[in-house]
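Shown here: upload-v5.csv, CSV, C-alpha atoms and all ligand atoms.
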```csv
chain,number,residue,atom,x,y,z
A,1,MET,CA,29.3,21.3,21.5
A,2,ASN,CA,26.7,18.7,20.5
A,3,HIS,CA,25.1,18.5,17.2
A,4,ILE,CA,21.7,16.9,17.5
A,5,PRO,CA,19.5,17.8,14.6
A,6,PHE,CA,15.7,17.8,14.9
A,7,ASN,CA,15.3,15.5,11.9
A,8,VAL,CA,17.4,13.4,9.6
A,9,PRO,CA,15.6,11.9,6.5
A,10,PRO,CA,15.2,8.1,6.8
A,11,TYR,CA,17.8,6.1,4.9
A,12,LEU,CA,18.2,2.3,5.4
A,13,GLY,CA,20.8,1.5,2.7
A,14,THR,CA,18.6,-0.6,0.4
A,15,GLU,CA,17.3,2.5,-1.4
A,16,ASP,CA,20.4,2.8,-3.7
A,17,LYS,CA,19.9,-0.8,-5.1
A,18,TYR,CA,16.2,-0.2,-5.8
A,19,ILE,CA,16.8,3.2,-7.5
A,20,ARG,CA,19.5,1.6,-9.7
A,21,GLN,CA,16.9,-1.1,-10.6
A,22,ALA,CA,14.4,1.5,-11.5
A,23,ILE,CA,16.9,3.3,-13.7
A,24,GLU,CA,17.9,0.1,-15.4
A,25,SER,CA,14.3,-0.8,-16.1
A,26,ARG,CA,14.1,2.2,-18.4
A,27,LYS,CA,10.8,3.1,-16.9
A,28,ILE,CA,11.2,6.1,-14.5
A,29,CYS,CA,7.8,7.9,-14.8
A,30,GLY,CA,4.8,6.7,-12.7
A,31,ASP,CA,3.1,3.4,-12.4
A,32,GLY,CA,6.1,1.1,-13.0
A,33,ALA,CA,7.3,-1.9,-11.0
A,34,PHE,CA,8.2,0.1,-7.8
A,35,THR,CA,5.0,2.1,-7.8
A,36,LYS,CA,3.2,-1.2,-7.9
A,37,LYS,CA,5.3,-2.7,-5.1
A,38,CYS,CA,4.6,0.4,-2.9
A,39,ASN,CA,0.9,0.2,-3.6
A,40,GLU,CA,0.7,-3.4,-2.7
A,41,LYS,CA,2.8,-3.1,0.4
A,42,LEU,CA,0.7,-0.1,1.6
A,43,GLU,CA,-2.5,-2.0,0.9
A,44,GLU,CA,-1.2,-4.9,2.9
A,45,ILE,CA,-0.3,-2.7,5.8
A,46,THR,CA,-3.5,-0.7,5.8
A,47,GLY,CA,-6.2,-3.0,4.4
A,48,SER,CA,-7.4,-0.2,2.2
A,49,LYS,CA,-9.2,-1.1,-1.0
A,50,LYS,CA,-6.8,0.9,-3.1
A,51,VAL,CA,-3.6,2.9,-2.4
A,52,LEU,CA,-2.3,5.2,-5.1
A,53,MET,CA,1.1,6.9,-4.9
A,54,THR,CA,1.0,10.7,-5.3
A,55,THR,CA,3.5,13.5,-5.6
A,56,SER,CA,2.9,14.6,-2.0
A,57,GLY,CA,0.6,14.4,1.0
A,58,THR,CA,-0.7,17.8,-0.3
A,59,SER,CA,-1.7,16.3,-3.7
A,60,ALA,CA,-3.3,13.3,-2.0
A,61,LEU,CA,-5.5,15.8,0.0
A,62,GLU,CA,-6.2,17.8,-3.2
A,63,MET,CA,-7.4,14.6,-4.9
A,64,THR,CA,-9.8,13.8,-2.0
A,65,ALA,CA,-11.3,17.3,-2.3
A,66,ILE,CA,-12.1,16.6,-5.9
A,67,LEU,CA,-13.3,13.1,-5.1
A,68,CYS,CA,-15.7,14.5,-2.4
A,69,ASP,CA,-17.1,16.8,-5.1
A,70,ILE,CA,-16.4,19.9,-3.0
A,71,GLN,CA,-18.1,22.9,-4.7
A,72,PRO,CA,-17.8,26.7,-4.0
A,73,GLY,CA,-19.7,27.6,-0.8
A,74,ASP,CA,-19.4,24.1,0.7
A,75,GLU,CA,-18.1,23.9,4.3
A,76,VAL,CA,-15.4,21.5,5.5
A,77,ILE,CA,-14.8,20.9,9.2
A,78,MET,CA,-11.2,20.4,10.5
A,79,PRO,CA,-9.0,21.4,13.4
A,80,SER,CA,-7.1,24.7,13.2
A,81,TYR,CA,-4.0,23.1,14.6
A,82,THR,CA,-2.7,21.5,11.4
A,83,PHE,CA,-0.5,21.9,8.4
A,84,VAL,CA,-1.8,24.4,5.7
A,85,SER,CA,-2.4,21.7,3.1
A,86,THR,CA,-5.2,20.2,5.1
A,87,ALA,CA,-7.2,23.4,4.5
A,88,ASN,CA,-5.7,24.5,1.2
A,89,ALA,CA,-6.8,21.4,-0.6
A,90,PHE,CA,-10.4,22.2,0.1
A,91,VAL,CA,-10.0,26.0,-0.3
A,92,LEU,CA,-8.8,25.3,-3.9
A,93,ARG,CA,-12.2,23.9,-4.7
A,94,GLY,CA,-13.9,26.9,-3.2
A,95,ALA,CA,-14.8,25.6,0.2
A,96,THR,CA,-15.1,27.6,3.4
A,97,ILE,CA,-13.1,26.0,6.3
A,98,VAL,CA,-14.8,25.7,9.6
A,99,PHE,CA,-12.3,25.2,12.4
A,100,VAL,CA,-13.1,23.6,15.7
A,101,ASP,CA,-11.0,23.3,18.8
A,102,VAL,CA,-8.6,20.4,19.6
A,103,ARG,CA,-8.5,18.2,22.7
A,104,PRO,CA,-5.7,19.2,24.9
A,105,ASP,CA,-4.6,15.6,25.6
A,106,THR,CA,-3.9,14.5,22.0
A,107,MET,CA,-4.1,17.8,20.1
A,108,ASN,CA,-6.6,16.1,17.8
A,109,ILE,CA,-9.9,17.6,16.8
A,110,ASP,CA,-12.4,17.4,19.7
A,111,GLU,CA,-15.0,15.0,18.4
A,112,LYS,CA,-17.5,16.3,20.9
A,113,LEU,CA,-17.5,19.8,19.2
A,114,ILE,CA,-18.0,18.6,15.6
A,115,GLU,CA,-21.7,18.1,15.5
A,116,ASP,CA,-22.4,21.7,16.6
A,117,ALA,CA,-20.3,23.1,13.7
A,118,ILE,CA,-22.4,21.3,11.1
A,119,THR,CA,-24.7,23.4,8.8
A,120,ASP,CA,-26.6,22.6,5.7
A,121,LYS,CA,-23.5,23.5,3.7
A,122,THR,CA,-21.2,21.0,5.4
A,123,LYS,CA,-19.8,18.4,3.1
A,124,ALA,CA,-16.9,16.8,4.9
A,125,ILE,CA,-15.0,16.3,8.1
A,126,VAL,CA,-11.2,16.1,8.0
A,127,PRO,CA,-9.7,14.6,11.2
A,128,VAL,CA,-5.9,15.0,11.4
A,129,HIS,CA,-4.1,12.3,13.3
A,130,TYR,CA,-1.6,14.5,15.0
A,131,ALA,CA,1.7,12.8,15.8
A,132,GLY,CA,0.4,9.5,14.5
A,133,VAL,CA,-2.1,9.2,17.3
A,134,GLY,CA,-5.6,8.4,16.1
A,135,CYS,CA,-8.6,10.7,16.4
A,136,GLU,CA,-11.7,9.3,18.0
A,137,MET,CA,-12.8,7.8,14.7
A,138,ASP,CA,-15.8,5.8,15.9
A,139,THR,CA,-17.5,9.0,17.1
A,140,ILE,CA,-16.4,11.0,14.0
A,141,CYS,CA,-17.6,8.3,11.5
A,142,ASP,CA,-20.9,8.0,13.4
A,143,ILE,CA,-21.5,11.8,13.1
A,144,ALA,CA,-20.6,11.8,9.5
A,145,LYS,CA,-23.0,8.9,8.7
A,146,ARG,CA,-25.9,10.5,10.5
A,147,HIS,CA,-25.4,13.8,8.6
A,148,GLY,CA,-24.4,12.3,5.2
A,149,LEU,CA,-20.9,13.7,5.3
A,150,ALA,CA,-17.6,12.4,3.9
A,151,VAL,CA,-14.7,11.7,6.2
A,152,VAL,CA,-11.2,12.4,4.8
A,153,GLU,CA,-8.4,11.3,7.2
A,154,ASP,CA,-5.3,13.5,7.1
A,155,ALA,CA,-3.0,10.6,8.1
A,156,ALA,CA,0.1,12.4,6.8
A,157,GLN,CA,1.8,11.5,10.1
A,158,GLY,CA,0.0,8.3,10.6
A,159,VAL,CA,1.7,5.6,8.5
A,160,MET,CA,1.9,2.3,10.6
A,161,ALA,CA,-0.3,3.7,13.3
A,162,PHE,CA,-3.7,2.2,14.3
A,163,TYR,CA,-7.0,3.0,16.0
A,164,LYS,CA,-8.8,-0.1,17.4
A,165,GLY,CA,-6.6,-2.2,15.2
A,166,ARG,CA,-7.5,-0.4,12.0
A,167,ALA,CA,-4.8,1.5,10.1
A,168,LEU,CA,-5.1,5.3,10.2
A,169,GLY,CA,-6.1,6.4,6.7
A,170,SER,CA,-8.2,3.3,6.1
A,171,ILE,CA,-11.1,4.2,8.4
A,172,GLY,CA,-12.9,7.1,6.7
A,173,ASP,CA,-13.9,7.4,3.1
A,174,PHE,CA,-10.4,8.5,2.0
A,175,GLY,CA,-7.0,8.8,3.7
A,176,CYS,CA,-3.9,10.7,2.9
A,177,PHE,CA,-0.3,9.8,3.7
A,178,SER,CA,2.8,11.9,3.3
A,179,PHE,CA,6.3,10.6,2.5
A,180,HIS,CA,8.0,14.0,2.9
A,181,GLU,CA,11.5,13.8,4.3
A,182,THR,CA,10.2,14.9,7.7
A,183,LYS,CA,7.8,11.9,7.9
A,184,ASN,CA,8.5,8.4,9.3
A,185,TYR,CA,8.9,6.9,5.8
A,186,SER,CA,10.2,9.1,3.0
A,187,MET,CA,10.7,9.4,-0.7
A,188,GLY,CA,11.9,13.0,-0.5
A,189,GLU,CA,8.6,14.5,-1.6
A,190,GLY,CA,5.7,12.2,-2.0
A,191,GLY,CA,2.5,10.8,-0.6
A,192,ALA,CA,-0.3,8.3,-1.1
A,193,VAL,CA,-4.1,8.5,-1.2
A,194,LEU,CA,-6.1,5.6,0.3
A,195,ILE,CA,-9.4,4.9,-1.5
A,196,ASN,CA,-11.5,2.9,1.0
A,197,HIS,CA,-14.6,2.2,-1.2
A,198,GLU,CA,-14.4,0.2,-4.3
A,199,ASP,CA,-16.9,2.6,-6.0
A,200,ASP,CA,-14.4,5.5,-5.8
A,201,VAL,CA,-11.4,3.6,-7.2
A,202,GLU,CA,-12.0,4.3,-10.9
A,203,ARG,CA,-12.6,8.0,-10.5
A,204,ALA,CA,-9.5,8.3,-8.3
A,205,GLU,CA,-7.4,6.8,-11.0
A,206,ILE,CA,-8.8,9.3,-13.5
A,207,VAL,CA,-8.3,12.3,-11.3
A,208,ARG,CA,-4.7,11.2,-10.7
A,209,GLU,CA,-4.1,10.8,-14.4
A,210,LYS,CA,-4.9,14.4,-15.4
A,211,GLY,CA,-8.6,13.6,-15.8
A,212,THR,CA,-8.0,10.9,-18.4
A,213,ASN,CA,-9.0,7.2,-18.5
A,214,ARG,CA,-5.4,6.2,-19.2
A,215,SER,CA,-5.3,3.6,-16.5
A,216,ARG,CA,-8.3,1.7,-18.0
A,217,PHE,CA,-6.6,2.1,-21.5
A,218,PHE,CA,-3.5,0.4,-20.2
A,219,ARG,CA,-5.5,-2.4,-18.7
A,220,GLY,CA,-7.2,-2.9,-22.1
A,221,GLN,CA,-10.6,-1.9,-20.8
A,222,VAL,CA,-11.1,0.9,-23.3
A,223,ASP,CA,-9.5,1.1,-26.8
A,224,LYS,CA,-8.4,4.7,-26.6
A,225,TYR,CA,-7.8,7.1,-23.8
A,226,THR,CA,-9.4,10.5,-23.5
A,227,TRP,CA,-10.2,13.4,-21.2
A,228,VAL,CA,-13.2,12.4,-19.1
A,229,ASP,CA,-13.1,14.4,-15.8
A,230,VAL,CA,-11.2,17.1,-14.0
A,231,GLY,CA,-7.8,16.0,-12.7
A,232,SER,CA,-4.2,16.9,-12.5
A,233,SER,CA,-0.7,15.4,-12.5
A,234,TYR,CA,-0.6,13.6,-9.2
A,235,LEU,CA,1.5,10.5,-10.3
A,236,GLN,CA,4.7,9.9,-8.4
A,237,SER,CA,7.8,8.9,-10.3
A,238,GLU,CA,9.4,5.5,-10.1
A,239,LEU,CA,12.6,6.9,-8.7
A,240,ASN,CA,10.9,8.2,-5.6
A,241,CYS,CA,8.9,5.0,-5.2
A,242,ALA,CA,12.1,2.9,-5.4
A,243,TYR,CA,13.6,5.0,-2.6
A,244,LEU,CA,10.4,4.5,-0.5
A,245,TYR,CA,10.2,0.8,-1.2
A,246,GLY,CA,13.5,0.2,0.6
A,247,GLN,CA,11.8,1.6,3.7
A,248,ILE,CA,8.4,0.1,3.6
A,249,GLU,CA,9.4,-3.4,2.4
A,250,ASP,CA,9.8,-4.1,6.1
A,251,ALA,CA,8.2,-1.2,7.7
A,252,SER,CA,8.8,-2.5,11.2
A,253,ILE,CA,12.5,-1.7,11.1
A,254,ILE,CA,11.9,2.1,11.1
A,255,ASN,CA,8.8,1.8,13.3
A,256,ASN,CA,10.6,-0.2,16.1
A,257,ASP,CA,13.6,2.1,16.1
A,258,ARG,CA,11.4,5.2,16.5
A,259,LEU,CA,9.3,3.5,19.2
A,260,ARG,CA,12.4,2.6,21.1
A,261,SER,CA,13.5,6.2,21.1
A,262,TRP,CA,10.1,7.5,22.0
A,263,ASN,CA,9.8,5.1,25.0
A,264,ARG,CA,13.3,6.2,26.1
A,265,TYR,CA,12.3,9.8,26.1
A,266,CYS,CA,9.1,9.0,27.9
A,267,GLU,CA,10.7,7.1,30.6
A,268,ALA,CA,13.5,9.5,31.2
A,269,LEU,CA,11.2,12.6,31.3
A,270,SER,CA,8.4,11.1,33.4
A,271,PRO,CA,9.9,12.3,36.7
A,272,LEU,CA,9.5,15.9,35.4
A,273,GLN,CA,5.9,15.1,34.5
A,274,GLU,CA,5.3,13.7,37.9
A,275,LYS,CA,6.7,16.8,39.5
A,276,GLY,CA,4.1,18.8,37.4
A,277,VAL,CA,6.9,20.7,35.6
A,278,ILE,CA,6.1,19.5,32.0
A,279,GLU,CA,3.5,17.4,30.3
A,280,LEU,CA,4.2,14.3,28.1
A,281,PRO,CA,2.2,13.0,25.2
A,282,TYR,CA,-0.9,11.0,26.0
A,283,ILE,CA,-1.8,7.9,24.0
A,284,PRO,CA,-5.5,6.8,24.3
A,285,ALA,CA,-6.0,3.0,24.9
A,286,GLU,CA,-7.6,2.6,21.5
A,287,CYS,CA,-4.5,3.9,19.7
A,288,THR,CA,-1.3,2.3,18.6
A,289,HIS,CA,1.0,5.1,17.6
A,290,ASN,CA,4.1,5.2,15.4
A,291,ALA,CA,6.4,7.5,17.3
A,292,HIS,CA,6.1,10.1,14.6
A,293,MET,CA,6.8,12.8,17.1
A,294,PHE,CA,8.0,13.2,20.7
A,295,TYR,CA,6.8,16.5,22.2
A,296,ILE,CA,6.7,18.0,25.6
A,297,LYS,CA,4.5,20.8,26.9
A,298,THR,CA,6.0,23.6,28.9
A,299,LYS,CA,4.2,25.9,31.3
A,300,ASP,CA,3.7,28.7,28.7
A,301,LEU,CA,5.1,30.3,25.6
A,302,ALA,CA,7.8,32.3,27.5
A,303,GLU,CA,9.1,29.1,29.1
A,304,ARG,CA,9.1,27.3,25.7
A,305,THR,CA,11.1,30.1,24.2
A,306,ALA,CA,13.6,30.0,27.0
A,307,LEU,CA,14.0,26.2,26.9
A,308,THR,CA,14.3,26.2,23.0
A,309,LYS,CA,17.2,28.7,23.4
A,310,PHE,CA,18.8,26.7,26.2
A,311,LEU,CA,18.8,23.6,24.1
A,312,LYS,CA,20.1,25.4,21.0
A,313,GLU,CA,23.0,26.8,23.0
A,314,ASP,CA,24.0,23.1,23.5
A,315,GLY,CA,23.6,22.2,19.9
A,316,ILE,CA,20.2,20.6,20.3
A,317,SER,CA,17.5,21.5,17.8
A,318,ALA,CA,14.0,21.4,19.1
A,319,VAL,CA,11.1,23.0,17.2
A,320,PHE,CA,7.5,24.0,17.3
A,321,HIS,CA,5.1,24.2,14.4
A,322,TYR,CA,1.6,25.2,13.3
A,323,ILE,CA,0.6,28.7,13.9
A,324,PRO,CA,-3.1,27.9,14.3
A,325,LEU,CA,-4.6,28.3,10.9
A,326,HIS,CA,-7.6,30.4,12.0
A,327,SER,CA,-5.2,33.2,13.1
A,328,SER,CA,-3.2,33.2,9.9
A,329,PRO,CA,-4.0,35.7,7.1
A,330,ALA,CA,-5.3,33.0,4.7
A,331,GLY,CA,-7.2,31.2,7.5
A,332,GLN,CA,-9.1,34.4,8.3
A,333,LYS,CA,-9.9,34.9,4.7
A,334,PHE,CA,-11.0,31.3,3.9
A,335,GLY,CA,-12.3,30.1,7.2
A,336,ARG,CA,-13.9,30.7,10.5
A,337,PHE,CA,-13.5,29.3,14.0
A,338,HIS,CA,-16.7,27.7,15.3
A,339,GLY,CA,-17.1,27.9,19.1
A,340,GLU,CA,-14.4,28.9,21.6
A,341,ASP,CA,-10.7,28.6,21.0
A,342,LYS,CA,-10.1,27.1,24.5
A,343,TYR,CA,-7.1,25.0,23.7
A,344,THR,CA,-5.9,25.4,20.1
A,345,THR,CA,-3.8,28.6,20.6
A,346,ALA,CA,-2.9,28.1,24.3
A,347,GLU,CA,-1.8,24.5,23.9
A,348,SER,CA,0.1,25.1,20.6
A,349,ASP,CA,2.1,27.8,22.4
A,350,ARG,CA,3.4,25.3,24.9
A,351,LEU,CA,4.3,22.4,22.6
A,352,LEU,CA,7.9,21.7,21.8
A,353,ARG,CA,9.1,18.9,19.6
A,354,LEU,CA,12.3,17.1,20.5
A,355,PRO,CA,14.7,15.5,18.0
A,356,MET,CA,13.2,12.4,16.6
A,357,TYR,CA,14.3,10.4,13.6
A,358,TYR,CA,15.3,6.9,12.5
A,359,GLY,CA,18.8,6.2,13.9
A,360,LEU,CA,18.6,8.6,16.8
A,361,THR,CA,21.0,7.2,19.4
A,362,ASP,CA,20.4,6.5,23.0
A,363,SER,CA,23.3,8.6,24.0
A,364,ASP,CA,21.8,11.6,22.0
A,365,ILE,CA,18.5,11.1,23.7
A,366,ASP,CA,20.2,11.1,27.1
A,367,ILE,CA,22.0,14.3,26.2
A,368,VAL,CA,18.7,16.0,25.3
A,369,VAL,CA,17.0,14.7,28.5
A,370,ASP,CA,19.9,15.8,30.7
A,371,ARG,CA,19.8,19.3,29.2
A,372,ILE,CA,16.0,19.6,29.8
A,373,CYS,CA,16.5,18.4,33.4
A,374,ARG,CA,19.2,21.0,33.9
A,375,PHE,CA,16.9,23.7,32.6
A,376,TYR,CA,14.3,22.9,35.2
A,377,GLN,CA,16.8,22.6,38.1
B,401,LIG,C1,3.3,16.7,6.2
B,401,LIG,C2,1.8,17.0,6.3
B,401,LIG,C3,1.0,17.3,5.2
B,401,LIG,C4,1.6,17.6,3.9
B,401,LIG,O1,2.3,16.5,3.3
B,401,LIG,P1,3.4,16.9,2.1
B,401,LIG,O2,3.8,15.5,1.7
B,401,LIG,O3,4.5,17.7,2.7
B,401,LIG,O4,2.6,17.6,1.1
B,401,LIG,C5,-0.3,17.5,5.4
B,401,LIG,N1,-0.9,17.3,6.6
B,401,LIG,C6,-0.2,17.1,7.7
B,401,LIG,C7,-0.8,16.9,9.1
B,401,LIG,C8,1.2,16.9,7.6
B,401,LIG,O5,1.9,16.6,8.7
```

What do you get writing this file as structure tokens?
Amino acid sequence: MNHIPFNVPPYLGTEDKYIRQAIESRKICGDGAFTKKCNEKLEEITGSKKVLMTTSGTSALEMTAILCDIQPGDEVIMPSYTFVSTANAFVLRGATIVFVDVRPDTMNIDEKLIEDAITDKTKAIVPVHYAGVGCEMDTICDIAKRHGLAVVEDAAQGVMAFYKGRALGSIGDFGCFSFHETKNYSMGEGGAVLINHEDDVERAEIVREKGTNRSRFFRGQVDKYTWVDVGSSYLQSELNCAYLYGQIEDASIINNDRLRSWNRYCEALSPLQEKGVIELPYIPAECTHNAHMFYIKTKDLAERTALTKFLKEDGISAVFHYIPLHSSPAGQKFGRFHGEDKYTTAESDRLLRLPMYYGLTDSDIDIVVDRICRFYQ
């Protein structure tokens, strides 16, 4: 029997050396040499004003909710088809979540439905770049500008992906990356927050440093450090940053490998799409994706369940995710769906993610494709 896992955490081999260097530097908490290298590398990749390493994508999102000054009763607009942290970060500040439907082609928030969901309580829009494919950011930023709203990009899946040549995460007011082991680049648990306006940088450093002005103190800008704002412990450790640095030092190594796998799946499965049996991902012309995910859409839930089982019987692990948040117990308590759920539930029921990770071999891809073709014979 085969053994093709759904995910293998990325590991290039340079991580060991860098972790050893971090240990030997006798500085293993946050903001040491490797944190700085990661910040600078990510600023270079994204063009963001300031990138700060955080303990997770979740904590990056939580920081942005504080930085947007979200208060109890405020409303935040986002898709329902996303990870819980996208919503939780704002619920923790007392916000009500207003979910709107996704586009069936990209599974991203339908930009045409956002404006109708805006009320006088709306404070922010949170587009989620699903599968590393950019949302329609020009439209979203234009709506936000006209209504005076903040834009927080959940780019957890979008490292090294672009919209009209601009890095995902660097387009709105704030962006959030995740370096969880299931993401393209990893440090085990970790993330980064992208601060895209100079004016927000100082407060972001304070929020990340437990609400103190410790960063300014270390730069010699104040003579003592003290509690100046709300905040929490969002600093990532040097050990994790050392692991990540090995992977982003030359981020194209992982990116090219994943794109090669993605293209191989796409080519091999396109006859099934042409026959109208399955649907393959769609990449809008404005978007350069990062092969975060390769998914197919089956006819319906029953067919997905049968195919998942058929793959599993041959040792192939394919998975689905995201029970739409508006149908979850917490989603019902903290949010509401605005408009009609035309696609969110129906499309999420059909989506199946195939094995995708750095180092996935051509022969394993061919085995997965053969098995899918056999299912449909
Ligand atoms: C992974 C992910 C997160 C959370 O990131 P963590 O690093 O696991 O906290 C948030 N949003 C989306 C869309 C994600 O895929």

Item to check | Contacts with ligand LIG 401 (chain B) at most 7 Å, all atoms listed in the file counted, listed as an MDAnalysis selection string | outcome: chainID A and resid 56:59 82:83 85:86 128 130 154:157 178:180 183 189:191

Dump as a PDB file, keeping the file's coordinate frame, selection limited to C-alpha atoms:
```pdb
ATOM      1  CA  SER A  56       2.900  14.600  -2.000  1.00  0.00           C
ATOM      2  CA  GLY A  57       0.600  14.400   1.000  1.00  0.00           C
ATOM      3  CA  THR A  58      -0.700  17.800  -0.300  1.00  0.00           C
ATOM      4  CA  SER A  59      -1.700  16.300  -3.700  1.00  0.00           C
ATOM      5  CA  THR A  82      -2.700  21.500  11.400  1.00  0.00           C
ATOM      6  CA  PHE A  83      -0.500  21.900   8.400  1.00  0.00           C
ATOM      7  CA  SER A  85      -2.400  21.700   3.100  1.00  0.00           C
ATOM      8  CA  THR A  86      -5.200  20.200   5.100  1.00  0.00           C
ATOM      9  CA  VAL A 128      -5.900  15.000  11.400  1.00  0.00           C
ATOM     10  CA  TYR A 130      -1.600  14.500  15.000  1.00  0.00           C
ATOM     11  CA  ASP A 154      -5.300  13.500   7.100  1.00  0.00           C
ATOM     12  CA  ALA A 155      -3.000  10.600   8.100  1.00  0.00           C
ATOM     13  CA  ALA A 156       0.100  12.400   6.800  1.00  0.00           C
ATOM     14  CA  GLN A 157       1.800  11.500  10.100  1.00  0.00           C
ATOM     15  CA  SER A 178       2.800  11.900   3.300  1.00  0.00           C
ATOM     16  CA  PHE A 179       6.300  10.600   2.500  1.00  0.00           C
ATOM     17  CA  HIS A 180       8.000  14.000   2.900  1.00  0.00           C
ATOM     18  CA  LYS A 183       7.800  11.900   7.900  1.00  0.00           C
ATOM     19  CA  GLU A 189       8.600  14.500  -1.600  1.00  0.00           C
ATOM     20  CA  GLY A 190       5.700  12.200  -2.000  1.00  0.00           C
ATOM     21  CA  GLY A 191       2.500  10.800  -0.600  1.00  0.00           C
TER      22      GLY A 191
END
```

Do you know which residues lie at most 8 Å from (-10.2, 9.1, -0.9), with coordinates as in the file and all atoms listed in the file counted, and could you write them as a compact mmCIF listing (two decimals) with C-alpha atoms, keeping the file's coordinate frame?
```
# COMPACT_ATOMS: atom_id res chain seq x y z
CA MET A 63 -7.40 14.60 -4.90
CA THR A 64 -9.80 13.80 -2.00
CA LEU A 67 -13.30 13.10 -5.10
CA CYS A 68 -15.70 14.50 -2.40
CA VAL A 152 -11.20 12.40 4.80
CA ASP A 173 -13.90 7.40 3.10
CA PHE A 174 -10.40 8.50 2.00
CA GLY A 175 -7.00 8.80 3.70
CA CYS A 176 -3.90 10.70 2.90
CA VAL A 193 -4.10 8.50 -1.20
CA LEU A 194 -6.10 5.60 0.30
CA ILE A 195 -9.40 4.90 -1.50
CA ASN A 196 -11.50 2.90 1.00
CA ASP A 200 -14.40 5.50 -5.80
CA ALA A 204 -9.50 8.30 -8.30
```

Checklist entry - Hey, what's within 9 Å of Ala161 in chain A if we count all atoms listed in the file and toss same-chain stuff fewer than 5 positions away? As a ChimeraX atom specification, please? => result /A:132-134,166-168,287-291

So that I have them on file, write out the residues from the current selection with C-alpha atoms, as a PDB file, keeping the file's coordinate frame.
```pdb
ATOM      1  CA  GLY A 132       0.400   9.500  14.500  1.00  0.00           C
ATOM      2  CA  VAL A 133      -2.100   9.200  17.300  1.00  0.00           C
ATOM      3  CA  GLY A 134      -5.600   8.400  16.100  1.00  0.00           C
ATOM      4  CA  ARG A 166      -7.500  -0.400  12.000  1.00  0.00           C
ATOM      5  CA  ALA A 167      -4.800   1.500  10.100  1.00  0.00           C
ATOM      6  CA  LEU A 168      -5.100   5.300  10.200  1.00  0.00           C
ATOM      7  CA  CYS A 287      -4.500   3.900  19.700  1.00  0.00           C
ATOM      8  CA  THR A 288      -1.300   2.300  18.600  1.00  0.00           C
ATOM      9  CA  HIS A 289       1.000   5.100  17.600  1.00  0.00           C
ATOM     10  CA  ASN A 290       4.100   5.200  15.400  1.00  0.00           C
ATOM     11  CA  ALA A 291       6.400   7.500  17.300  1.00  0.00           C
TER      12      ALA A 291
END
```

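As for CA of Lys224 in chain A and CA of Ser25 in chain A, they are spaced 25.6 Å apart.
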
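Pairwise distance (CA of Ile248 in chain A, CA of Cys38 in chain A) equals 7.5 Å.
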
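Among A:Thr46, A:Thr182, A:Ser233, A:Thr122, the residue with the shortest atom-to-atom distance to Met78 in chain A, counting only C-alpha atoms, is A:Thr122.
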
Next on the checklist: Nearest residue to Ile283 in chain A out of A:Thr55, A:Asn263, A:Thr212, A:Asn256, using all atoms listed in the file?
Outcome noted: A:Asn263

Checklist entry - Which neighbours of Glu202 in chain A fall inside 9 Å, counting all atoms listed in the file, when residues of the same chain fewer than 3 positions from it are skipped, and could you give them as number ranges by chain? => result A: 198-199, 205-207, 213, 215-216

Next on the checklist: Within 12 Å of (-15.3, 11.0, 14.4) in the file's own coordinates, which protein, DNA or RNA residues have an atom, counting all atoms listed in the file? List them as a count of residues only.
Outcome noted: 39
